[in-house]
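Peer 1: Contents of entry.cif (mmCIF, C-alpha atoms and all ligand atoms):
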```cif
data_start
#
loop_
_atom_site.label_atom_id
_atom_site.label_comp_id
_atom_site.auth_asym_id
_atom_site.auth_seq_id
_atom_site.Cartn_x
_atom_site.Cartn_y
_atom_site.Cartn_z
CA MET A 16 78.28 -81.57 -190.39
CA ILE A 17 77.71 -79.01 -187.66
CA PRO A 18 74.05 -78.91 -186.51
CA ARG A 19 72.17 -75.78 -187.55
CA SER A 20 71.20 -75.07 -183.95
CA ARG A 21 74.89 -75.01 -183.01
CA LEU A 22 75.72 -72.57 -185.85
CA LYS A 23 72.82 -70.34 -184.82
CA ALA A 24 74.06 -70.28 -181.22
CA ILE A 25 77.54 -69.27 -182.48
CA GLN A 26 76.07 -66.46 -184.62
CA GLN A 27 74.08 -65.30 -181.60
CA LYS A 28 77.26 -65.29 -179.52
CA ALA A 29 78.98 -63.07 -182.10
CA ARG A 30 76.05 -60.63 -182.06
CA LYS A 31 76.16 -60.54 -178.26
CA VAL A 32 79.88 -59.74 -178.30
CA LEU A 33 79.27 -56.92 -180.82
CA ALA A 34 76.46 -55.44 -178.71
CA GLU A 35 78.40 -55.71 -175.43
CA HIS A 36 81.42 -53.93 -176.87
CA GLY A 37 79.52 -51.20 -178.72
CA PHE A 38 80.30 -52.39 -182.25
CA LEU A 39 76.76 -52.56 -183.60
CA ASN A 40 76.34 -48.94 -184.67
CA SER A 41 78.16 -48.73 -187.98
CA LEU A 42 80.44 -50.55 -190.40
CA PRO A 43 83.19 -51.53 -190.45
CA VAL A 44 83.42 -53.65 -187.30
CA ARG A 45 87.09 -53.59 -186.35
CA PRO A 46 88.19 -56.95 -184.90
CA LYS A 47 91.72 -55.73 -184.15
CA GLN A 48 90.22 -52.93 -182.05
CA LEU A 49 88.02 -55.44 -180.25
CA ALA A 50 91.02 -57.71 -179.52
CA THR A 51 92.97 -54.77 -178.10
CA LYS A 52 89.98 -53.79 -175.96
CA LEU A 53 89.95 -57.33 -174.54
CA GLY A 54 93.65 -57.08 -173.67
CA ILE A 55 94.68 -59.57 -176.38
CA LYS A 56 98.09 -58.90 -177.90
CA LEU A 57 98.17 -58.79 -181.73
CA MET A 58 101.16 -60.13 -183.61
CA PRO A 59 101.61 -60.16 -187.40
CA PHE A 60 103.76 -63.10 -188.49
CA ASP A 61 105.20 -64.94 -191.48
CA PRO A 62 103.41 -68.29 -191.42
CA PRO A 63 105.51 -71.50 -191.27
CA GLN A 64 103.10 -73.01 -193.85
CA VAL A 65 101.36 -70.96 -196.51
CA ASP A 66 97.85 -72.18 -195.66
CA ILE A 67 98.12 -71.09 -192.02
CA SER A 68 96.10 -67.92 -191.62
CA GLY A 69 96.55 -67.13 -187.94
CA CYS A 70 96.91 -68.44 -184.41
CA LEU A 71 95.58 -68.06 -180.89
CA MET A 72 97.99 -68.40 -177.98
CA ILE A 73 97.78 -68.40 -174.23
CA ALA A 74 100.58 -67.82 -171.72
CA GLY A 75 99.42 -67.74 -168.11
CA ASN A 76 96.28 -65.63 -168.24
CA SER A 77 97.34 -63.62 -171.30
CA PHE A 78 96.05 -64.25 -174.80
CA GLY A 79 97.71 -63.40 -178.08
CA ILE A 80 96.47 -63.49 -181.68
CA GLY A 81 98.86 -63.90 -184.57
CA TYR A 82 97.79 -63.14 -188.14
CA SER A 83 99.57 -64.07 -191.34
CA THR A 84 100.99 -61.32 -193.50
CA ALA A 85 101.46 -63.73 -196.44
CA ILE A 86 98.34 -62.38 -198.16
CA LYS A 87 98.58 -58.65 -198.36
CA ASN A 88 94.97 -57.76 -197.82
CA ASP A 89 93.27 -55.93 -194.94
CA GLY A 90 90.09 -57.93 -195.41
CA PHE A 91 91.98 -61.21 -195.06
CA GLU A 92 93.70 -59.96 -191.88
CA ASN A 93 90.42 -58.78 -190.38
CA PHE A 94 88.75 -62.11 -191.11
CA THR A 95 91.73 -63.96 -189.61
CA VAL A 96 91.60 -61.92 -186.39
CA ALA A 97 87.80 -62.37 -186.21
CA HIS A 98 88.30 -66.14 -186.67
CA GLU A 99 90.79 -66.25 -183.77
CA LEU A 100 88.34 -64.23 -181.65
CA GLY A 101 85.87 -67.03 -182.45
CA HIS A 102 88.22 -69.55 -180.82
CA TYR A 103 88.56 -67.17 -177.86
CA PHE A 104 84.79 -66.75 -177.38
CA ILE A 105 83.15 -70.05 -178.42
CA ASP A 106 82.45 -72.08 -175.27
CA ASP A 107 84.56 -75.25 -175.71
CA HIS A 108 87.27 -73.93 -178.06
CA PRO A 109 89.88 -72.61 -175.59
CA SER A 110 89.93 -75.85 -173.57
CA ALA A 111 90.01 -78.05 -176.70
CA LEU A 112 92.55 -76.04 -178.71
CA LEU A 113 94.89 -74.43 -176.21
CA ALA A 114 95.99 -77.45 -174.15
CA GLU A 115 99.52 -76.97 -175.51
CA GLY A 116 99.39 -73.17 -175.42
CA SER A 117 98.69 -72.39 -179.09
CA HIS A 118 96.40 -73.24 -182.01
CA TYR A 119 97.27 -72.62 -185.65
CA SER A 120 94.29 -71.89 -187.93
CA ARG A 121 93.32 -72.58 -191.47
CA SER A 122 90.46 -70.12 -191.79
CA GLY A 123 88.45 -68.98 -194.80
CA PHE A 124 85.96 -71.87 -195.08
CA ILE A 125 88.52 -74.28 -196.60
CA SER A 126 88.87 -76.61 -193.61
CA LYS A 127 86.48 -79.45 -192.75
CA ASP A 128 87.54 -79.34 -189.09
CA ARG A 129 84.65 -78.58 -186.75
CA PHE A 130 86.53 -75.94 -184.73
CA GLU A 131 87.70 -74.12 -187.88
CA ARG A 132 84.21 -74.08 -189.41
CA GLU A 133 82.70 -72.80 -186.17
CA ALA A 134 85.28 -70.02 -185.88
CA ASP A 135 84.64 -69.06 -189.54
CA THR A 136 80.90 -68.83 -188.79
CA PHE A 137 81.62 -66.60 -185.79
CA ALA A 138 83.97 -64.42 -187.88
CA ALA A 139 81.45 -63.94 -190.70
CA GLU A 140 78.75 -62.84 -188.25
CA LEU A 141 81.15 -60.57 -186.37
CA LEU A 142 82.49 -58.78 -189.46
CA MET A 143 79.24 -58.74 -191.42
CA PRO A 144 76.30 -58.48 -188.98
CA TRP A 145 72.97 -58.73 -190.77
CA THR A 146 71.50 -55.51 -189.35
CA LEU A 147 74.43 -53.54 -190.81
CA ILE A 148 74.84 -55.33 -194.15
CA ALA A 149 71.14 -55.47 -195.10
CA PRO A 150 71.10 -51.86 -196.45
CA VAL A 151 74.32 -52.54 -198.43
CA ILE A 152 72.83 -55.65 -200.03
CA LYS A 153 69.52 -54.00 -200.83
CA SER A 154 71.16 -51.02 -202.54
CA ALA A 155 73.62 -52.90 -204.78
CA ILE A 156 73.18 -54.76 -208.08
CA PRO A 157 73.07 -58.57 -207.54
CA GLY A 158 76.33 -60.33 -208.36
CA PHE A 159 79.94 -59.39 -207.83
CA GLN A 160 79.06 -55.70 -207.33
CA THR A 161 77.23 -56.53 -204.09
CA ILE A 162 80.11 -58.69 -202.86
CA LYS A 163 82.62 -55.94 -203.61
CA GLN A 164 80.43 -53.41 -201.82
CA MET A 165 80.13 -55.71 -198.78
CA ALA A 166 83.89 -56.31 -198.70
CA ASN A 167 84.54 -52.55 -198.89
CA SER A 168 81.96 -51.55 -196.27
CA CYS A 169 82.86 -54.37 -193.86
CA GLU A 170 86.63 -54.38 -194.59
CA SER A 171 86.21 -58.11 -195.09
CA SER A 172 87.75 -60.39 -197.72
CA LEU A 173 85.98 -60.96 -201.04
CA VAL A 174 85.70 -64.70 -200.37
CA ALA A 175 84.19 -64.25 -196.89
CA SER A 176 81.81 -61.58 -198.25
CA ALA A 177 80.75 -63.88 -201.10
CA ILE A 178 79.95 -66.72 -198.70
CA ARG A 179 78.05 -64.41 -196.38
CA TYR A 180 76.13 -62.95 -199.35
CA CYS A 181 74.98 -66.45 -200.40
CA GLU A 182 73.78 -67.10 -196.85
CA VAL A 183 71.52 -64.07 -196.66
CA THR A 184 70.37 -63.12 -200.16
CA ASP A 185 67.04 -63.90 -201.86
CA GLU A 186 68.78 -63.76 -205.28
CA CYS A 187 69.57 -66.92 -207.26
CA ILE A 188 73.35 -66.97 -206.85
CA ALA A 189 76.25 -69.42 -206.57
CA VAL A 190 79.90 -68.77 -205.76
CA VAL A 191 82.77 -71.01 -206.83
CA VAL A 192 86.36 -70.56 -205.63
CA SER A 193 88.86 -72.33 -207.88
CA HIS A 194 92.60 -72.59 -208.36
CA ASN A 195 93.97 -73.01 -211.86
CA GLY A 196 90.86 -74.75 -213.19
CA THR A 197 90.23 -76.93 -210.12
CA VAL A 198 87.34 -76.27 -207.73
CA GLU A 199 88.18 -75.52 -204.09
CA PHE A 200 84.60 -75.04 -202.94
CA MET A 201 81.15 -73.98 -204.01
CA THR A 202 78.43 -72.27 -202.04
CA ALA A 203 75.01 -71.01 -203.14
CA SER A 204 71.92 -69.13 -202.01
CA GLN A 205 68.75 -71.03 -201.02
CA SER A 206 67.10 -70.08 -204.30
CA PHE A 207 70.04 -71.45 -206.36
CA LYS A 208 70.06 -74.70 -204.37
CA GLN A 209 66.43 -75.21 -205.40
CA LEU A 210 67.19 -75.14 -209.15
CA PRO A 211 66.54 -78.59 -210.63
CA GLY A 212 69.54 -80.63 -211.80
CA ILE A 213 72.26 -78.83 -209.84
CA ASP A 214 75.06 -81.28 -209.22
CA TRP A 215 77.10 -79.72 -206.41
CA LEU A 216 80.73 -78.99 -207.35
CA ARG A 217 83.20 -80.37 -204.83
CA ARG A 218 86.85 -79.91 -203.94
CA ARG A 219 89.14 -81.18 -206.71
CA ASP A 220 86.38 -81.25 -209.38
CA ALA A 221 87.50 -79.68 -212.66
CA VAL A 222 85.96 -76.34 -213.68
CA PRO A 223 84.04 -77.12 -216.93
CA ALA A 224 86.37 -76.46 -219.87
CA GLU A 225 83.89 -74.33 -221.85
CA VAL A 226 83.07 -71.65 -219.20
CA PRO A 227 84.97 -68.33 -218.92
CA THR A 228 86.27 -69.20 -215.42
CA CYS A 229 88.35 -72.05 -216.85
CA ARG A 230 90.06 -69.85 -219.44
CA LEU A 231 90.62 -66.85 -217.15
CA GLY A 232 91.46 -68.82 -213.98
CA SER A 233 94.27 -70.73 -215.69
CA ASN A 234 95.96 -67.46 -216.70
CA GLU A 235 98.20 -66.79 -213.69
CA ASP A 236 99.03 -63.19 -214.66
CA TRP A 237 95.34 -62.40 -215.03
CA VAL A 238 94.60 -63.83 -211.55
CA GLN A 239 97.59 -62.07 -209.92
CA SER A 240 96.52 -58.71 -211.36
CA CYS A 241 93.13 -58.88 -209.53
CA ALA A 242 91.36 -58.52 -212.87
CA ILE A 243 87.56 -58.64 -213.15
CA ALA A 244 85.56 -59.93 -216.14
CA LEU A 245 81.78 -59.80 -216.42
CA GLU A 246 81.01 -62.73 -218.70
CA GLY A 247 78.16 -65.11 -219.39
CA SER A 248 77.60 -68.83 -219.74
CA LEU A 249 74.80 -71.39 -219.57
CA LEU A 250 73.63 -73.18 -216.47
CA ASN A 251 73.99 -76.60 -218.11
CA GLN A 252 77.61 -75.84 -219.05
CA TRP A 253 78.33 -75.68 -215.33
CA PHE A 254 75.84 -78.38 -214.28
CA PRO A 255 75.02 -80.84 -217.10
CA GLY A 256 71.75 -81.95 -215.44
CA ALA A 257 70.41 -78.39 -215.15
CA SER A 258 68.35 -76.44 -217.67
CA HIS A 259 69.68 -74.57 -220.70
CA GLN A 260 69.33 -71.10 -219.19
CA GLU A 261 71.58 -68.07 -219.26
CA VAL A 262 73.87 -67.29 -216.37
CA GLU A 263 75.75 -64.09 -215.65
CA GLU A 264 79.29 -65.21 -214.81
CA ASP A 265 81.45 -62.67 -212.96
CA VAL A 266 85.07 -63.85 -212.71
CA VAL A 267 87.56 -62.20 -210.36
CA GLY A 268 91.29 -62.81 -209.86
CA LEU A 269 92.16 -62.86 -206.17
CA GLY A 270 95.75 -61.59 -206.52
CA SER A 271 98.32 -63.05 -204.13
CA TYR A 272 95.71 -65.55 -202.86
CA ARG A 273 96.13 -67.07 -206.37
CA ARG A 274 92.51 -68.23 -206.52
CA THR A 275 89.66 -67.25 -208.82
CA LEU A 276 86.29 -66.18 -207.46
CA THR A 277 83.30 -66.85 -209.72
CA VAL A 278 79.83 -65.49 -209.07
CA LEU A 279 76.98 -67.09 -211.05
CA VAL A 280 73.69 -65.18 -211.16
CA THR A 281 70.60 -66.60 -212.83
CA GLU A 282 66.80 -66.70 -212.73
CA PRO A 283 65.20 -68.81 -209.98
CA ALA A 284 63.11 -71.88 -210.82
CA PRO A 285 59.51 -70.83 -211.59
CA GLU A 286 57.04 -71.58 -208.82
CA GLU A 287 54.81 -74.50 -209.66
CA ASP A 288 51.33 -73.54 -210.82
CA GLU A 289 48.64 -74.57 -208.45
CA ASP A 290 44.94 -74.93 -208.96
CA GLU A 291 43.14 -71.89 -207.51
CA SER A 292 40.91 -73.96 -205.19
CA GLU A 293 43.87 -76.02 -203.96
CA ARG A 294 45.79 -72.87 -203.30
CA SER A 295 43.11 -71.47 -200.98
CA ASP A 296 42.90 -74.80 -199.09
CA ASP A 297 46.64 -74.93 -198.87
CA TYR A 298 46.71 -71.34 -197.61
CA ILE A 299 44.33 -72.19 -194.73
CA ASP A 300 46.27 -75.36 -193.91
CA ARG A 301 49.54 -73.54 -193.87
CA TRP A 302 48.09 -70.78 -191.74
CA GLN A 303 46.60 -73.22 -189.23
CA GLU A 304 49.80 -75.21 -189.06
CA GLY A 305 51.72 -72.04 -188.35
CA ARG A 306 53.91 -72.42 -191.43
CA PHE A 307 52.39 -69.56 -193.36
CA ARG A 308 54.76 -67.54 -195.48
CA PRO A 309 53.55 -64.75 -197.72
CA ARG A 310 54.11 -65.44 -201.41
CA ARG A 311 56.64 -63.16 -203.07
ZN ZN A 401 91.22 -71.73 -186.26
#
```
Transcribe the structure of this file into structure tokens.
Ligand SMILES: [Zn+2]
Peer 2:
Amino acid sequence: MIPRSRLKAIQQKARKVLAEHGFLNSLPVRPKQLATKLGIKLMPFDPPQVDISGCLMIAGNSFGIGYSTAIKNDGFENFTVAHELGHYFIDDHPSALLAEGSHYSRSGFISKDRFEREADTFAAELLMPWTLIAPVIKSAIPGFQTIKQMANSCESSLVASAIRYCEVTDECIAVVVSHNGTVEFMTASQSFKQLPGIDWLRRRDAVPAEVPTCRLGSNEDWVQSCAIALEGSLLNQWFPGASHQEVEEDVVGLGSYRRTLTVLVTEPAPEEDEDESERSDDYIDRWQEGRFRPRR
């Protein structure tokens, strides 16, 4: 687990890079342009293994970034280049990763490796800076529509946009990436994490047999055709310990990536009722302790 303070410092670094190189005015941020500006040579390549997304290389004082062309998607390439720029910019990465001249990456939030996770964090902040994505998020309908809008405006991948969306939204949302009925990972917004009875889905868990994602995600042609289905299910079908409440379930085929992206949107847990007198005491306490937050 990477400490939160470390992740914050990495996000700050990405924002500093954007500001220094004049990329904070409008979307999309173009990581290939940034690499070229830094004198880094860009090289598309056919990866030796299918899960390798890109690489960072050094020869003498010259850097090079390779990006896989296995997944034919501009958003995926941009995220890959941004990830490699993370290795280039994050303080201890070059010395740790480039001792033998090159580092091959597995980006896209699938790796547990500390360096890969840190570079993914950097890439998400670089491609989707909060100040530029906030208007996009506020103007779109919660769910897959927002993610699609973010991916279009930022020229980022759908998966990276979905993860970033969960990080910043106030909506009650979870995202599950699966492959043929098996979970690869799950992420969720703060509000979703607070729902009672949510049993976190982990890598290699089965997608519940009765939800639309299971049926659609096991149809390879459907996934390859980048189809989209706006369906519905119940929260306790996904998480048996959770309440029997309706969930909007948007299911998306990710084409040549061969995965299925599922976005679950539901109502947040109701705030607990408090006695009026307690509330006013609590308000003063919270204010005095400096942890005051206005109620929504
Ligand atoms: Zn990497």
Peer 1: What does the distance from CA of Arg45 (chain A) to CA of Thr202 (chain A) come to in Å, to one decimal?
Peer 2: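 Going from CA of Arg45 (chain A) over to CA of Thr202 (chain A), I get 25.9 Å.
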Peer 1: One decimal, Å: what's the distance from CA of Gln48 (chain A) over to CA of Ile73 (chain A), could you say?
Peer 2: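 Separation between CA of Gln48 (chain A) and CA of Ile73 (chain A): 18.9 Å.
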Peer 1: Show me which residues sit within 8 Å of ligand ZN 401 (chain A) when counting all atoms listed in the file, and put them as a PyMOL selection string.
Peer 2: chain A and resi 69-71+98-99+102+118-122+130-131+134-135
Peer 1: Dump C-alpha atoms for the selected residues as a PDB file, keeping the file's coordinate frame?
Peer 2:
```pdb
ATOM      1  CA  GLY A  69      96.550 -67.130-187.940  1.00  0.00           C
ATOM      2  CA  CYS A  70      96.910 -68.440-184.410  1.00  0.00           C
ATOM      3  CA  LEU A  71      95.580 -68.060-180.890  1.00  0.00           C
ATOM      4  CA  HIS A  98      88.300 -66.140-186.670  1.00  0.00           C
ATOM      5  CA  GLU A  99      90.790 -66.250-183.770  1.00  0.00           C
ATOM      6  CA  HIS A 102      88.220 -69.550-180.820  1.00  0.00           C
ATOM      7  CA  HIS A 118      96.400 -73.240-182.010  1.00  0.00           C
ATOM      8  CA  TYR A 119      97.270 -72.620-185.650  1.00  0.00           C
ATOM      9  CA  SER A 120      94.290 -71.890-187.930  1.00  0.00           C
ATOM     10  CA  ARG A 121      93.320 -72.580-191.470  1.00  0.00           C
ATOM     11  CA  SER A 122      90.460 -70.120-191.790  1.00  0.00           C
ATOM     12  CA  PHE A 130      86.530 -75.940-184.730  1.00  0.00           C
ATOM     13  CA  GLU A 131      87.700 -74.120-187.880  1.00  0.00           C
ATOM     14  CA  ALA A 134      85.280 -70.020-185.880  1.00  0.00           C
ATOM     15  CA  ASP A 135      84.640 -69.060-189.540  1.00  0.00           C
TER      16      ASP A 135
END
```
Peer 1: List the neighbours of Ala50 (chain A) out to 12 Å using only C-alpha atoms; skip same-chain residues closer than 6 positions along the sequence, and give me the result as JSON, numbers by chain.
Peer 2: {"A": [32, 33, 36, 44, 56, 57, 58, 71, 77, 78, 79, 80, 81, 93, 95, 96, 97, 98, 99, 100, 101, 103, 104]}
Peer 1: With a distance cut-off of 10 Å and only C-alpha atoms, select the neighbouring residues of Gln27 (chain A), excluding the residue or stretch itself and same-chain residues fewer than 5 positions from it, and output the selection as number ranges by chain.
Peer 2: A: 21-22, 32-33, 137, 140-141
Peer 1: Give me, please, the distance in Å between CA of Ala224 (chain A) and CA of Gln252 (chain A), quoted to one decimal.
Peer 2: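 Value for the CA of Ala224 (chain A)-CA of Gln252 (chain A) distance: 8.8 Å.
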Peer 1: Looking at all atoms listed in the file, which of A:Ser41, A:Ser271, A:Gln64, A:Thr161 is the one that sits closest to Pro144 (chain A)?
Peer 2: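 Of all the options, A:Ser41 lies closest to Pro144 (chain A).
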Peer 1: Of the residues A:Ser233, A:Thr228, A:Thr281, A:Ser83, which is the one nearest to Phe207 (chain A), using all atoms listed in the file?
Peer 2: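 Ranked by minimum distance to Phe207 (chain A), first place goes to A:Thr281.
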Peer 1: Nearest to Glu182 (chain A) among A:Thr84, A:Gln164, A:Ser206, A:Thr197, with distances taken over only C-alpha atoms: which residue is it?
Peer 2: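 Distance minimum relative to Glu182 (chain A) lands on A:Ser206.
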Peer 1: Just add N, CA and C atoms to region 57-93 of chain A and send it as a PDB file, keeping the file's coordinate frame.
Peer 2:
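result.pdb was written with the following content:
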```pdb
ATOM      1  N   LEU A  57      98.215 -58.446-180.293  1.00  0.00           N
ATOM      2  CA  LEU A  57      98.170 -58.790-181.730  1.00  0.00           C
ATOM      3  C   LEU A  57      99.580 -58.877-182.303  1.00  0.00           C
ATOM      4  N   MET A  58      99.816 -59.942-183.049  1.00  0.00           N
ATOM      5  CA  MET A  58     101.160 -60.130-183.610  1.00  0.00           C
ATOM      6  C   MET A  58     101.101 -60.574-185.065  1.00  0.00           C
ATOM      7  N   PRO A  59     101.500 -59.705-186.010  1.00  0.00           N
ATOM      8  CA  PRO A  59     101.610 -60.160-187.400  1.00  0.00           C
ATOM      9  C   PRO A  59     102.779 -61.142-187.514  1.00  0.00           C
ATOM     10  N   PHE A  60     102.643 -62.158-188.341  1.00  0.00           N
ATOM     11  CA  PHE A  60     103.760 -63.100-188.490  1.00  0.00           C
ATOM     12  C   PHE A  60     103.819 -63.690-189.896  1.00  0.00           C
ATOM     13  N   ASP A  61     104.987 -64.194-190.230  1.00  0.00           N
ATOM     14  CA  ASP A  61     105.200 -64.940-191.480  1.00  0.00           C
ATOM     15  C   ASP A  61     104.857 -66.381-191.186  1.00  0.00           C
ATOM     16  N   PRO A  62     103.832 -66.944-191.825  1.00  0.00           N
ATOM     17  CA  PRO A  62     103.410 -68.290-191.420  1.00  0.00           C
ATOM     18  C   PRO A  62     104.442 -69.361-191.805  1.00  0.00           C
ATOM     19  N   PRO A  63     104.592 -70.399-190.945  1.00  0.00           N
ATOM     20  CA  PRO A  63     105.510 -71.500-191.270  1.00  0.00           C
ATOM     21  C   PRO A  63     105.016 -72.295-192.486  1.00  0.00           C
ATOM     22  N   GLN A  64     103.678 -72.367-192.651  1.00  0.00           N
ATOM     23  CA  GLN A  64     103.100 -73.010-193.850  1.00  0.00           C
ATOM     24  C   GLN A  64     102.136 -72.007-194.478  1.00  0.00           C
ATOM     25  N   VAL A  65     102.087 -72.022-195.815  1.00  0.00           N
ATOM     26  CA  VAL A  65     101.360 -70.960-196.510  1.00  0.00           C
ATOM     27  C   VAL A  65      99.855 -70.964-196.231  1.00  0.00           C
ATOM     28  N   ASP A  66      99.295 -72.145-195.898  1.00  0.00           N
ATOM     29  CA  ASP A  66      97.850 -72.180-195.660  1.00  0.00           C
ATOM     30  C   ASP A  66      97.469 -71.824-194.215  1.00  0.00           C
ATOM     31  N   ILE A  67      98.446 -71.514-193.383  1.00  0.00           N
ATOM     32  CA  ILE A  67      98.120 -71.090-192.020  1.00  0.00           C
ATOM     33  C   ILE A  67      97.770 -69.608-192.030  1.00  0.00           C
ATOM     34  N   SER A  68      96.561 -69.295-191.551  1.00  0.00           N
ATOM     35  CA  SER A  68      96.100 -67.920-191.620  1.00  0.00           C
ATOM     36  C   SER A  68      96.386 -67.139-190.340  1.00  0.00           C
ATOM     37  N   GLY A  69      96.362 -67.832-189.198  1.00  0.00           N
ATOM     38  CA  GLY A  69      96.550 -67.130-187.940  1.00  0.00           C
ATOM     39  C   GLY A  69      96.703 -68.095-186.789  1.00  0.00           C
ATOM     40  N   CYS A  70      96.839 -67.553-185.576  1.00  0.00           N
ATOM     41  CA  CYS A  70      96.910 -68.440-184.410  1.00  0.00           C
ATOM     42  C   CYS A  70      96.408 -67.732-183.164  1.00  0.00           C
ATOM     43  N   LEU A  71      95.985 -68.552-182.210  1.00  0.00           N
ATOM     44  CA  LEU A  71      95.580 -68.060-180.890  1.00  0.00           C
ATOM     45  C   LEU A  71      96.509 -68.697-179.877  1.00  0.00           C
ATOM     46  N   MET A  72      97.029 -67.889-178.959  1.00  0.00           N
ATOM     47  CA  MET A  72      97.990 -68.400-177.980  1.00  0.00           C
ATOM     48  C   MET A  72      97.583 -67.989-176.574  1.00  0.00           C
ATOM     49  N   ILE A  73      97.988 -68.778-175.614  1.00  0.00           N
ATOM     50  CA  ILE A  73      97.780 -68.400-174.230  1.00  0.00           C
ATOM     51  C   ILE A  73      99.084 -68.623-173.461  1.00  0.00           C
ATOM     52  N   ALA A  74      99.430 -67.663-172.615  1.00  0.00           N
ATOM     53  CA  ALA A  74     100.580 -67.820-171.720  1.00  0.00           C
ATOM     54  C   ALA A  74     100.140 -67.276-170.375  1.00  0.00           C
ATOM     55  N   GLY A  75     100.000 -68.159-169.387  1.00  0.00           N
ATOM     56  CA  GLY A  75      99.420 -67.740-168.110  1.00  0.00           C
ATOM     57  C   GLY A  75      97.981 -67.344-168.345  1.00  0.00           C
ATOM     58  N   ASN A  76      97.653 -66.107-167.989  1.00  0.00           N
ATOM     59  CA  ASN A  76      96.280 -65.630-168.240  1.00  0.00           C
ATOM     60  C   ASN A  76      96.217 -64.703-169.455  1.00  0.00           C
ATOM     61  N   SER A  77      97.313 -64.568-170.178  1.00  0.00           N
ATOM     62  CA  SER A  77      97.340 -63.620-171.300  1.00  0.00           C
ATOM     63  C   SER A  77      97.133 -64.327-172.633  1.00  0.00           C
ATOM     64  N   PHE A  78      96.306 -63.701-173.460  1.00  0.00           N
ATOM     65  CA  PHE A  78      96.050 -64.250-174.800  1.00  0.00           C
ATOM     66  C   PHE A  78      96.770 -63.434-175.855  1.00  0.00           C
ATOM     67  N   GLY A  79      97.122 -64.093-176.934  1.00  0.00           N
ATOM     68  CA  GLY A  79      97.710 -63.400-178.080  1.00  0.00           C
ATOM     69  C   GLY A  79      97.096 -63.935-179.365  1.00  0.00           C
ATOM     70  N   ILE A  80      96.958 -63.059-180.360  1.00  0.00           N
ATOM     71  CA  ILE A  80      96.470 -63.490-181.680  1.00  0.00           C
ATOM     72  C   ILE A  80      97.529 -63.141-182.716  1.00  0.00           C
ATOM     73  N   GLY A  81      97.940 -64.147-183.468  1.00  0.00           N
ATOM     74  CA  GLY A  81      98.860 -63.900-184.570  1.00  0.00           C
ATOM     75  C   GLY A  81      98.078 -63.932-185.873  1.00  0.00           C
ATOM     76  N   TYR A  82      98.449 -63.084-186.829  1.00  0.00           N
ATOM     77  CA  TYR A  82      97.790 -63.140-188.140  1.00  0.00           C
ATOM     78  C   TYR A  82      98.834 -63.087-189.233  1.00  0.00           C
ATOM     79  N   SER A  83      98.614 -63.918-190.247  1.00  0.00           N
ATOM     80  CA  SER A  83      99.570 -64.070-191.340  1.00  0.00           C
ATOM     81  C   SER A  83      99.631 -62.808-192.186  1.00  0.00           C
ATOM     82  N   THR A  84     100.831 -62.455-192.588  1.00  0.00           N
ATOM     83  CA  THR A  84     100.990 -61.320-193.500  1.00  0.00           C
ATOM     84  C   THR A  84     101.318 -61.817-194.917  1.00  0.00           C
ATOM     85  N   ALA A  85     101.121 -63.150-195.131  1.00  0.00           N
ATOM     86  CA  ALA A  85     101.460 -63.730-196.440  1.00  0.00           C
ATOM     87  C   ALA A  85     100.544 -63.190-197.540  1.00  0.00           C
ATOM     88  N   ILE A  86      99.281 -62.935-197.179  1.00  0.00           N
ATOM     89  CA  ILE A  86      98.340 -62.380-198.160  1.00  0.00           C
ATOM     90  C   ILE A  86      98.109 -60.922-197.814  1.00  0.00           C
ATOM     91  N   LYS A  87      98.577 -60.073-198.711  1.00  0.00           N
ATOM     92  CA  LYS A  87      98.580 -58.650-198.360  1.00  0.00           C
ATOM     93  C   LYS A  87      97.215 -58.039-198.610  1.00  0.00           C
ATOM     94  N   ASN A  88      96.351 -58.190-197.629  1.00  0.00           N
ATOM     95  CA  ASN A  88      94.970 -57.760-197.820  1.00  0.00           C
ATOM     96  C   ASN A  88      94.351 -57.514-196.454  1.00  0.00           C
ATOM     97  N   ASP A  89      93.857 -56.278-196.237  1.00  0.00           N
ATOM     98  CA  ASP A  89      93.270 -55.930-194.940  1.00  0.00           C
ATOM     99  C   ASP A  89      92.076 -56.804-194.603  1.00  0.00           C
ATOM    100  N   GLY A  90      91.273 -57.109-195.629  1.00  0.00           N
ATOM    101  CA  GLY A  90      90.090 -57.930-195.410  1.00  0.00           C
ATOM    102  C   GLY A  90      90.460 -59.315-194.902  1.00  0.00           C
ATOM    103  N   PHE A  91      91.515 -59.881-195.480  1.00  0.00           N
ATOM    104  CA  PHE A  91      91.980 -61.210-195.060  1.00  0.00           C
ATOM    105  C   PHE A  91      92.466 -61.154-193.607  1.00  0.00           C
ATOM    106  N   GLU A  92      93.204 -60.098-193.264  1.00  0.00           N
ATOM    107  CA  GLU A  92      93.700 -59.960-191.880  1.00  0.00           C
ATOM    108  C   GLU A  92      92.549 -59.805-190.900  1.00  0.00           C
ATOM    109  N   ASN A  93      91.574 -58.981-191.268  1.00  0.00           N
ATOM    110  CA  ASN A  93      90.420 -58.780-190.380  1.00  0.00           C
ATOM    111  C   ASN A  93      89.673 -60.082-190.160  1.00  0.00           C
TER     112      ASN A  93
END
```
